[in-house]
Amino acid sequence: MKPEYIVYVLTFLSAVVVLLTRVRLSQARAAGRHQVGMGTVNTHTVCGVLALVLWVYFLATGHDSSWVGIVALFFYWLTALVGLLILMRWAPSRGKHASGTTDDSWSEGPGLSVLAHVGMLVGVLVFTWYFGTHS
């Protein structure tokens, strides 16, 4: 299988992760042990959209503009890091004011969030490798 095909699939999946994170966390009471502020969600969305648009442009132009690829990777890394921060909403809390876990209709527990955000991190690692070896 060509590395380009893997990159194309991961690019599509990164768009799904950014979109579903936005939809899932814009609800009044999102799943998790802790609430995530809309500033964090907005940062994840803006960085993800910028990364996706720039990365698709980089891929579509045949890697002619390597600076676009570098900027796209920068925004992908920010998206992945903010996504891992969002994943921390599932971290257990202790103390007398700790709240329980809130589930939603998407899934029970953190499984979907772990898959999405760890998958995004792996995808960004693959994008970085691809950029370094194919530019």
# chains A, B, ... in the order shown; residues from 1 in each chain; ligands from 1
call {"tool": "residues_around", "arguments": {"residues": "Gly62 of chain A", "least_positions_apart": "4", "cutoff": "10 Å", "atoms": "only C-alpha atoms", "output": "MDAnalysis selection string"}}
result
chainID A and resid 57:58 66 134:135
call {"tool": "write_last_selection", "arguments": {"atoms": "N, CA and C atoms", "output": "tab-separated table (two decimals), in the first residue's frame"}}
result
chain	number	residue	atom	x	y	z
A	57	TYR	N	-4.26	21.49	0.85
A	57	TYR	CA	-3.62	22.31	-0.18
A	57	TYR	C	-2.21	21.79	-0.48
A	58	PHE	N	-1.46	21.48	0.57
A	58	PHE	CA	-0.11	20.94	0.40
A	58	PHE	C	-0.14	19.65	-0.41
A	66	SER	N	6.45	23.73	0.33
A	66	SER	CA	6.80	23.05	1.58
A	66	SER	C	6.50	23.91	2.80
A	134	HIS	N	8.88	12.84	2.02
A	134	HIS	CA	8.33	13.03	0.68
A	134	HIS	C	8.33	14.48	0.21
A	135	SER	N	9.01	15.35	0.89
A	135	SER	CA	9.04	16.76	0.46
A	135	SER	C	10.33	17.11	-0.23
call {"tool": "closest_residue", "arguments": {"among": "A:Asp64, A:Val41, A:Ile6, A:Leu54", "to": "Trp129 of chain A", "atoms": "only C-alpha atoms"}}
result
A:Ile6
call {"tool": "atom_distance", "arguments": {"atom1": "atom CA of Leu20 of chain A", "atom2": "atom CA of Gly111 of chain A"}}
result
13.9 Å
call {"tool": "atom_distance", "arguments": {"atom1": "atom CA of Arg22 of chain A", "atom2": "atom CA of Pro3 of chain A"}}
result
28.7 Å
call {"tool": "atom_distance", "arguments": {"atom1": "atom CA of Val124 of chain A", "atom2": "atom CA of Pro110 of chain A"}}
result
20.9 Å
call {"tool": "closest_residue", "arguments": {"among": "A:Leu73, A:Leu25, A:Ala51, A:Leu13", "to": "Thr128 of chain A", "atoms": "only C-alpha atoms"}}
result
A:Leu73
call {"tool": "residues_around", "arguments": {"residues": "Cys47 of chain A", "least_positions_apart": "5", "cutoff": "7 Å", "atoms": "only C-alpha atoms", "output": "ChimeraX atom specification"}}
result
/A:75-76,78-79
call {"tool": "closest_residue", "arguments": {"among": "A:Val9, A:Ala60, A:Ala15, A:Val118", "to": "Met88 of chain A", "atoms": "only C-alpha atoms"}}
result
A:Val118
call {"tool": "closest_residue", "arguments": {"among": "A:Trp55, A:Leu50, A:Val82, A:Val16", "to": "Ile70 of chain A", "atoms": "only C-alpha atoms"}}
result
A:Trp55
call {"tool": "closest_residue", "arguments": {"among": "A:His117, A:Leu85, A:Ala80, A:Ser14", "to": "Val53 of chain A", "atoms": "only C-alpha atoms"}}
result
A:Ser14
call {"tool": "closest_residue", "arguments": {"among": "A:Met120, A:Leu19, A:Ala72, A:Leu84", "to": "Leu52 of chain A", "atoms": "only C-alpha atoms"}}
result
A:Ala72
